[in-house]
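Below is work-v1.txt, holding compact mmCIF, C-alpha atoms and all ligand atoms.
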# COMPACT_ATOMS: atom_id res chain seq x y z
CA MET A 1 234.47 20.19 -23.82
CA ALA A 2 233.48 16.50 -23.83
CA LYS A 3 236.24 14.20 -22.59
CA LEU A 4 237.12 10.54 -23.02
CA ILE A 5 237.46 8.49 -19.84
CA ASP A 6 239.62 5.40 -19.73
CA VAL A 7 238.97 3.05 -16.82
CA SER A 8 241.46 0.27 -16.22
CA ASP A 9 241.28 -2.60 -13.79
CA LEU A 10 239.14 -0.71 -11.30
CA ASN A 11 238.21 -2.49 -8.07
CA ILE A 12 235.74 -0.66 -5.87
CA TYR A 13 235.42 -1.35 -2.14
CA TYR A 14 233.22 -0.47 0.80
CA GLY A 15 235.71 -1.14 3.60
CA ASP A 16 236.83 -4.74 3.01
CA PHE A 17 233.87 -5.57 0.81
CA LEU A 18 234.76 -5.70 -2.88
CA ALA A 19 231.57 -4.41 -4.52
CA VAL A 20 232.75 -4.11 -8.12
CA GLU A 21 235.65 -6.05 -9.61
CA SER A 22 238.12 -5.26 -12.31
CA VAL A 23 236.27 -2.87 -14.58
CA SER A 24 238.07 -1.79 -17.71
CA MET A 25 236.24 0.33 -20.25
CA THR A 26 236.59 3.34 -22.48
CA ILE A 27 233.83 5.91 -22.17
CA GLU A 28 233.59 7.88 -25.39
CA PRO A 29 233.15 11.64 -25.58
CA ARG A 30 230.04 13.11 -27.25
CA ALA A 31 228.17 9.88 -26.67
CA VAL A 32 225.83 8.36 -24.14
CA THR A 33 227.01 5.25 -22.31
CA ALA A 34 224.30 3.28 -20.48
CA LEU A 35 225.06 1.05 -17.49
CA ILE A 36 222.49 -1.70 -17.09
CA GLY A 37 222.21 -4.82 -14.94
CA PRO A 38 220.27 -6.35 -12.04
CA SER A 39 219.93 -4.64 -8.68
CA GLY A 40 223.06 -4.69 -6.52
CA CYS A 41 225.54 -5.40 -9.31
CA GLY A 42 227.36 -2.13 -8.70
CA LYS A 43 226.19 0.27 -11.41
CA SER A 44 225.72 3.22 -9.05
CA THR A 45 228.90 2.39 -7.17
CA PHE A 46 230.84 2.38 -10.44
CA LEU A 47 229.17 5.63 -11.57
CA ARG A 48 230.10 7.38 -8.32
CA SER A 49 233.68 6.16 -8.58
CA LEU A 50 234.05 8.08 -11.85
CA ASN A 51 233.90 11.48 -10.12
CA ARG A 52 235.24 10.38 -6.74
CA MET A 53 231.87 10.66 -5.04
CA HIS A 54 232.33 7.06 -3.89
CA GLU A 55 234.98 7.99 -1.37
CA VAL A 56 232.72 10.34 0.60
CA ILE A 57 231.39 7.17 2.27
CA PRO A 58 233.69 6.28 5.21
CA GLY A 59 235.95 3.34 4.34
CA ALA A 60 235.03 3.43 0.66
CA HIS A 61 238.00 3.31 -1.70
CA VAL A 62 239.17 2.08 -5.09
CA GLN A 63 242.18 0.41 -6.70
CA GLY A 64 242.97 0.95 -10.36
CA LYS A 65 242.85 3.88 -12.72
CA VAL A 66 240.33 6.34 -14.06
CA VAL A 67 242.12 8.47 -16.63
CA MET A 68 240.64 11.60 -18.19
CA ASP A 69 242.66 13.83 -20.45
CA GLY A 70 245.81 11.88 -19.68
CA GLN A 71 245.41 12.41 -15.94
CA ASP A 72 244.64 9.66 -13.44
CA LEU A 73 241.77 11.09 -11.39
CA TYR A 74 242.96 9.03 -8.42
CA GLY A 75 246.59 10.12 -8.84
CA ALA A 76 248.54 11.68 -5.99
CA GLY A 77 247.78 15.35 -5.56
CA VAL A 78 244.52 15.30 -7.53
CA ASP A 79 241.84 17.27 -5.70
CA PRO A 80 238.52 15.37 -5.63
CA VAL A 81 236.60 18.65 -5.54
CA THR A 82 238.18 19.66 -8.85
CA VAL A 83 237.32 16.24 -10.28
CA ARG A 84 233.67 16.73 -9.29
CA ARG A 85 233.66 20.15 -10.91
CA HIS A 86 234.64 18.58 -14.22
CA ILE A 87 232.41 15.54 -13.84
CA GLY A 88 228.95 16.61 -12.76
CA MET A 89 226.23 14.41 -11.40
CA VAL A 90 222.44 14.22 -11.57
CA PHE A 91 220.67 11.99 -9.05
CA GLN A 92 217.66 9.71 -9.05
CA ARG A 93 215.37 12.10 -7.20
CA PRO A 94 215.41 15.71 -8.30
CA ASN A 95 217.13 17.56 -5.46
CA PRO A 96 216.89 21.30 -6.04
CA PHE A 97 217.81 23.40 -3.02
CA PRO A 98 214.26 23.80 -1.68
CA THR A 99 214.43 27.30 -0.26
CA MET A 100 216.36 28.78 -3.18
CA SER A 101 214.79 30.40 -6.20
CA ILE A 102 215.01 28.83 -9.63
CA TYR A 103 217.67 31.41 -10.52
CA GLU A 104 219.70 30.77 -7.38
CA ASN A 105 219.52 27.00 -7.87
CA VAL A 106 221.25 27.35 -11.23
CA ALA A 107 223.72 29.93 -9.92
CA ALA A 108 224.52 27.91 -6.77
CA GLY A 109 227.21 25.69 -8.27
CA VAL A 110 228.98 28.64 -9.81
CA ARG A 111 228.91 30.52 -6.50
CA LEU A 112 230.18 27.44 -4.63
CA ASN A 113 233.08 27.26 -7.03
CA ALA A 114 233.95 30.72 -5.77
CA LYS A 115 233.84 32.29 -9.18
CA ARG A 116 233.16 35.99 -8.84
CA MET A 117 230.95 37.08 -11.68
CA LYS A 118 229.26 40.27 -12.74
CA LYS A 119 225.50 40.12 -12.29
CA SER A 120 224.94 40.46 -16.04
CA ASP A 121 227.34 37.56 -16.76
CA LEU A 122 225.62 35.43 -14.15
CA ASP A 123 222.23 36.30 -15.68
CA ASP A 124 223.54 35.17 -19.06
CA LEU A 125 224.92 31.93 -17.63
CA VAL A 126 221.67 31.13 -15.82
CA GLU A 127 219.70 31.74 -19.01
CA LYS A 128 222.10 29.68 -21.13
CA SER A 129 222.01 26.78 -18.65
CA LEU A 130 218.22 26.83 -18.40
CA ARG A 131 218.00 26.93 -22.20
CA GLY A 132 220.48 24.06 -22.36
CA ALA A 133 218.29 22.08 -19.99
CA ASN A 134 215.21 22.85 -22.10
CA LEU A 135 213.54 24.65 -19.24
CA TRP A 136 213.93 28.35 -20.05
CA ALA A 137 210.58 28.85 -21.77
CA GLU A 138 208.75 27.31 -18.82
CA VAL A 139 210.45 29.32 -16.06
CA LYS A 140 211.69 32.58 -17.54
CA ASP A 141 208.82 34.54 -16.00
CA ARG A 142 209.26 33.10 -12.52
CA LEU A 143 213.00 32.90 -11.96
CA ASN A 144 212.64 34.25 -8.45
CA ARG A 145 210.12 31.66 -7.32
CA PRO A 146 211.32 28.59 -5.35
CA GLY A 147 212.72 25.66 -7.33
CA SER A 148 210.64 23.34 -5.18
CA GLY A 149 207.47 24.77 -6.77
CA LEU A 150 208.23 23.12 -10.12
CA SER A 151 206.90 19.75 -11.28
CA GLY A 152 209.12 16.69 -10.80
CA GLY A 153 210.23 16.71 -14.44
CA GLN A 154 210.93 20.45 -14.33
CA GLN A 155 212.89 20.00 -11.07
CA GLN A 156 215.01 17.31 -12.71
CA ARG A 157 215.72 19.61 -15.66
CA LEU A 158 216.54 22.35 -13.13
CA CYS A 159 219.10 20.00 -11.54
CA ILE A 160 220.54 19.34 -15.00
CA ALA A 161 220.72 23.13 -15.57
CA ARG A 162 222.53 23.46 -12.22
CA ALA A 163 224.95 20.70 -13.26
CA ILE A 164 225.74 22.19 -16.66
CA ALA A 165 226.07 25.76 -15.31
CA ILE A 166 229.52 24.90 -13.96
CA GLN A 167 230.49 23.72 -17.45
CA PRO A 168 231.58 20.19 -16.72
CA SER A 169 233.04 17.88 -19.37
CA VAL A 170 231.15 14.82 -18.24
CA LEU A 171 227.65 14.29 -16.86
CA LEU A 172 226.89 11.26 -14.73
CA MET A 173 223.20 10.42 -14.34
CA ASP A 174 221.97 7.88 -11.82
CA GLU A 175 218.51 6.77 -12.92
CA PRO A 176 217.55 10.37 -13.68
CA CYS A 177 214.02 9.49 -14.81
CA SER A 178 213.01 6.92 -12.22
CA ALA A 179 210.95 9.43 -10.22
CA LEU A 180 209.38 11.02 -13.31
CA ASP A 181 206.13 10.49 -15.20
CA PRO A 182 206.32 9.35 -18.87
CA ILE A 183 205.99 12.88 -20.32
CA SER A 184 208.75 14.28 -18.10
CA THR A 185 210.84 11.20 -18.86
CA LEU A 186 210.59 11.92 -22.58
CA ALA A 187 211.54 15.57 -21.97
CA VAL A 188 214.65 14.48 -20.06
CA GLU A 189 215.50 11.85 -22.71
CA ASP A 190 215.21 14.49 -25.45
CA LEU A 191 217.49 16.69 -23.42
CA ILE A 192 220.07 13.90 -23.02
CA GLU A 193 220.03 13.46 -26.80
CA GLN A 194 220.76 17.17 -27.26
CA LEU A 195 223.40 17.37 -24.51
CA LYS A 196 225.49 14.56 -25.94
CA SER A 197 226.84 16.80 -28.69
CA GLU A 198 228.72 18.70 -25.98
CA TYR A 199 229.21 16.25 -23.13
CA THR A 200 230.32 12.77 -22.29
CA ILE A 201 227.25 11.22 -20.65
CA VAL A 202 227.03 8.10 -18.51
CA ILE A 203 223.58 6.99 -17.39
CA VAL A 204 222.47 4.23 -15.05
CA THR A 205 219.03 2.95 -15.97
CA HIS A 206 216.77 0.03 -15.11
CA ASN A 207 214.65 0.80 -18.09
CA MET A 208 215.78 -1.27 -21.07
CA GLN A 209 213.75 0.78 -23.54
CA GLN A 210 215.38 3.90 -22.19
CA ALA A 211 218.87 2.44 -22.56
CA ALA A 212 218.01 1.44 -26.14
CA ARG A 213 216.53 4.88 -26.90
CA VAL A 214 219.15 7.18 -25.46
CA SER A 215 222.51 5.42 -25.48
CA ASP A 216 225.20 4.75 -28.05
CA LYS A 217 227.14 2.25 -25.94
CA THR A 218 225.84 -0.10 -23.28
CA ALA A 219 227.73 -1.91 -20.53
CA PHE A 220 225.97 -4.86 -18.92
CA PHE A 221 226.96 -5.45 -15.28
CA ASN A 222 226.17 -8.66 -13.40
CA LEU A 223 227.02 -10.54 -10.21
CA ALA A 224 228.85 -13.84 -10.50
CA GLY A 225 226.79 -15.04 -7.50
CA VAL A 226 225.42 -14.04 -4.11
CA GLY A 227 228.06 -12.17 -2.12
CA LYS A 228 230.32 -11.96 -5.17
CA PRO A 229 231.36 -8.62 -6.65
CA GLY A 230 229.69 -7.07 -9.68
CA LYS A 231 231.52 -7.20 -13.01
CA VAL A 232 231.10 -5.93 -16.53
CA VAL A 233 229.89 -8.91 -18.55
CA GLU A 234 230.10 -7.10 -21.87
CA MET A 235 230.13 -3.65 -23.37
CA ASP A 236 229.35 -2.83 -26.98
CA ASP A 237 227.32 -0.60 -29.28
CA THR A 238 223.83 -0.39 -27.84
CA THR A 239 222.32 -1.80 -31.06
CA THR A 240 224.59 -4.85 -30.77
CA ILE A 241 223.85 -5.39 -27.07
CA PHE A 242 220.12 -5.30 -27.76
CA SER A 243 220.09 -7.27 -31.01
CA ASN A 244 223.05 -9.59 -30.89
CA PRO A 245 224.82 -9.74 -27.51
CA SER A 246 227.78 -12.08 -27.30
CA GLN A 247 227.00 -13.39 -23.79
CA LYS A 248 224.02 -15.52 -22.83
CA ALA A 249 223.62 -13.65 -19.51
CA THR A 250 223.21 -10.38 -21.40
CA GLU A 251 220.58 -11.88 -23.66
CA ASP A 252 218.71 -13.34 -20.68
CA TYR A 253 218.75 -9.99 -18.91
CA ILE A 254 217.63 -7.81 -21.80
CA SER A 255 214.91 -10.26 -22.75
CA GLY A 256 213.60 -10.08 -19.17
CA ARG A 257 214.50 -13.66 -18.19
CA PHE A 258 216.14 -12.43 -14.98
CA GLY A 259 216.84 -9.27 -13.03
N1 LIG B 301 227.12 2.72 1.35
C1 LIG B 301 227.35 1.42 1.18
N2 LIG B 301 228.00 0.69 2.09
C2 LIG B 301 228.25 -0.62 1.94
N3 LIG B 301 227.88 -1.33 0.85
C3 LIG B 301 227.22 -0.67 -0.11
C4 LIG B 301 226.91 0.73 -0.01
N4 LIG B 301 226.25 1.11 -1.13
C5 LIG B 301 226.15 0.00 -1.89
N5 LIG B 301 226.71 -1.07 -1.29
C6 LIG B 301 226.80 -2.45 -1.82
O1 LIG B 301 227.52 -2.42 -3.04
C7 LIG B 301 226.94 -3.32 -3.98
C8 LIG B 301 226.58 -2.56 -5.23
O2 LIG B 301 225.53 -1.64 -4.94
P1 LIG B 301 225.03 -0.55 -5.98
O3 LIG B 301 224.03 0.31 -5.29
O4 LIG B 301 226.18 0.10 -6.63
O5 LIG B 301 224.30 -1.48 -7.08
P2 LIG B 301 223.34 -1.07 -8.26
O6 LIG B 301 223.65 -1.98 -9.38
O7 LIG B 301 223.43 0.39 -8.53
O8 LIG B 301 221.91 -1.42 -7.64
P3 LIG B 301 220.47 -0.81 -7.92
O9 LIG B 301 220.18 -1.11 -9.34
O10 LIG B 301 219.58 -1.58 -6.97
O11 LIG B 301 220.51 0.66 -7.61
C9 LIG B 301 225.75 -3.97 -3.27
O12 LIG B 301 226.18 -5.20 -2.72
C10 LIG B 301 225.43 -2.97 -2.17
O13 LIG B 301 224.82 -3.62 -1.08

Is it possible to give me this structure as structure tokens?
Ligand SMILES: Nc1ncnc2c1ncn2[C@@H]1O[C@H](COP(=O)(O)OP(=O)(O)OP(=O)(O)O)[C@@H](O)[C@H]1O
Amino acid sequence: MAKLIDVSDLNIYYGDFLAVESVSMTIEPRAVTALIGPSGCGKSTFLRSLNRMHEVIPGAHVQGKVVMDGQDLYGAGVDPVTVRRHIGMVFQRPNPFPTMSIYENVAAGVRLNAKRMKKSDLDDLVEKSLRGANLWAEVKDRLNRPGSGLSGGQQQRLCIARAIAIQPSVLLMDEPCSALDPISTLAVEDLIEQLKSEYTIVIVTHNMQQAARVSDKTAFFNLAGVGKPGKVVEMDDTTTIFSNPSQKATEDYISGRFG
């Protein structure tokens, strides 16, 4: 299921403003890639460009290629909705549908994708997704209660269950733990570790320890200066980035000297 993504020479714009310049990187399947860097350097913008969420903002567009499975996701005739079905996303703040039950939250994506399913198959899928998100034991006796009644960490795992229920190949996570307490953060980090055997995972995080704990590869983004676009300074194995980066700017950032 997990897929490799090859990004080449990607420029990402908001109208005329070039926010991120010339990114080329290979995102490996069955691995976690962390995007780190100071505020405003374009990590979230880059993340959203991977599943064509960027272009929902008026005037936002890209130049360059994002290739998955031999197909350029920005190629002519490619449907962005299909791209988003294969590349799911989890946001900073848990955003379950507040009036829907836990069950319906997980089933929602499948229903939106217009897949007609027998009730028993849907039950199985909801259970499998909740198990996959490490939440089943905590909610199995209250599937019909509102998703908004769960704790923040449980809500985030519910959103992950909703994302994996549509069986994507890739999961994009934009600071998924920033609104969570330390215990919930660890639960989500454990989950990321488990999910990587099946998915390609890309995570934006401001937390250096988190990047070091959960990721296999790390890309460090930075701005060349005020008003300049963000760029990838270097990308390497996470252990190398954190122990022996090749660029001084990376070392300064991870050692807390700026950012
Ligand atoms: N909707 C938007 N319209 C115009 N410019 C935007 C928009 N969203 C982001 N930008 C600009 O794009 C650049 C990159 O922003 P982005 O949010 O991707 O950075 P980031 O590295 O994820 O930051 P942070 O760590 O603070 O979340 C910034 O200059 C930002 O002001």

Each chain A residue no farther than 6 Å from ligand LIG 301 (chain B), nearest pair in Å, all atoms listed in the file, as a tab-separated table:
residue	atom	partner	partner_atom	distance
A:Tyr14	CA	B:LIG301	C2	5.1
A:Ala19	CA	B:LIG301	O1	4.7
A:Pro38	CA	B:LIG301	O9	5.9
A:Ser39	CA	B:LIG301	O10	3.5
A:Gly40	CA	B:LIG301	O5	3.5
A:Cys41	CA	B:LIG301	O6	3.9
A:Gly42	CA	B:LIG301	O4	3.3
A:Lys43	CA	B:LIG301	O6	4.0
A:Ser44	CA	B:LIG301	O7	3.7
A:Thr45	CA	B:LIG301	O4	3.6

Write to file, as a PDB file, in the frame of the given file, the residues of the selection just made, with C-alpha atoms.
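Result file follows (part-v5.pdb):
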ATOM      1  CA  TYR A  14     233.220  -0.470   0.800  1.00  0.00           C
ATOM      2  CA  ALA A  19     231.570  -4.410  -4.520  1.00  0.00           C
ATOM      3  CA  PRO A  38     220.270  -6.350 -12.040  1.00  0.00           C
ATOM      4  CA  SER A  39     219.930  -4.640  -8.680  1.00  0.00           C
ATOM      5  CA  GLY A  40     223.060  -4.690  -6.520  1.00  0.00           C
ATOM      6  CA  CYS A  41     225.540  -5.400  -9.310  1.00  0.00           C
ATOM      7  CA  GLY A  42     227.360  -2.130  -8.700  1.00  0.00           C
ATOM      8  CA  LYS A  43     226.190   0.270 -11.410  1.00  0.00           C
ATOM      9  CA  SER A  44     225.720   3.220  -9.050  1.00  0.00           C
ATOM     10  CA  THR A  45     228.900   2.390  -7.170  1.00  0.00           C
TER      11      THR A  45
END

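For the pair CA of Gln167 in chain A and CA of Arg85 in chain A, the separation is 8.1 Å.
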
Q: Name all residues at most 12 Å from Ser24 in chain A (count all atoms listed in the file; drop same-chain ones fewer than 6 positions away) and give them as a list of chain:residue names.
A: A:Ile5, A:Asp6, A:Val7, A:Ser8, A:Asp9, A:Leu10, A:Asn11, A:Phe46, A:Gln63, A:Gly64, A:Lys65, A:Val66, A:Val67, A:Ala219, A:Phe221, A:Lys231, A:Val232, A:Val233, A:Glu234, A:Met235

Mind running range 171-210 of chain A against range 243-256 of chain A at 10 Å and telling me each contacting residue's nearest atom pair with the distance in Å (one decimal), counting all atoms listed in the file, chain and number ascending, as CSV?
residue,atom,partner,partner_atom,distance
A:Asn207,CA,A:Ile254,CA,9.8
A:Met208,CA,A:Ile254,CA,6.8
A:Gln209,CA,A:Ile254,CA,9.6

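CA of His54 in chain A sits 13.5 Å away from CA of Gly88 in chain A.
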
If I wrap all listed atoms of range 214-220 of chain A in a box with edges along x, y and z and add 3 Å on each side, what are its centre and edge lengths in Å to one decimal, as JSON?
{"center_x": 223.4, "center_y": 1.2, "center_z": -23.5, "size_x": 14.6, "size_y": 18.0, "size_z": 15.1}

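Atom pair CA of Glu28 in chain A / CA of Asp79 in chain A has a distance of 23.3 Å (rounded to one decimal).
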
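The smallest atom-to-atom distance between Pro229 in chain A and any of A:Ala165, A:Leu125, A:Leu18, A:Ile12, using only C-alpha atoms, is found for A:Leu18.
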
**Q.** Near-Gln155 in chain A list (12 Å; all atoms listed in the file; drop same-chain fewer than 6 positions) as JSON, numbers by chain
**A.** {"A": [90, 91, 92, 93, 94, 95, 96, 97, 98, 101, 102, 105, 106, 130, 133, 134, 135, 138, 139, 146, 147, 148, 149, 161, 162, 176, 177, 179, 180, 184, 185, 187, 188]}

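Distances here use all atoms listed in the file; by that measure, the residue among A:Asn113, A:Phe17, A:Thr238, A:Ser215 closest to Val32 in chain A is A:Ser215.
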
Q | Which residue of A:Leu73, A:Thr33, A:Ile164, A:Leu47 approaches Gly109 in chain A most closely, using only C-alpha atoms | A | A:Ile164
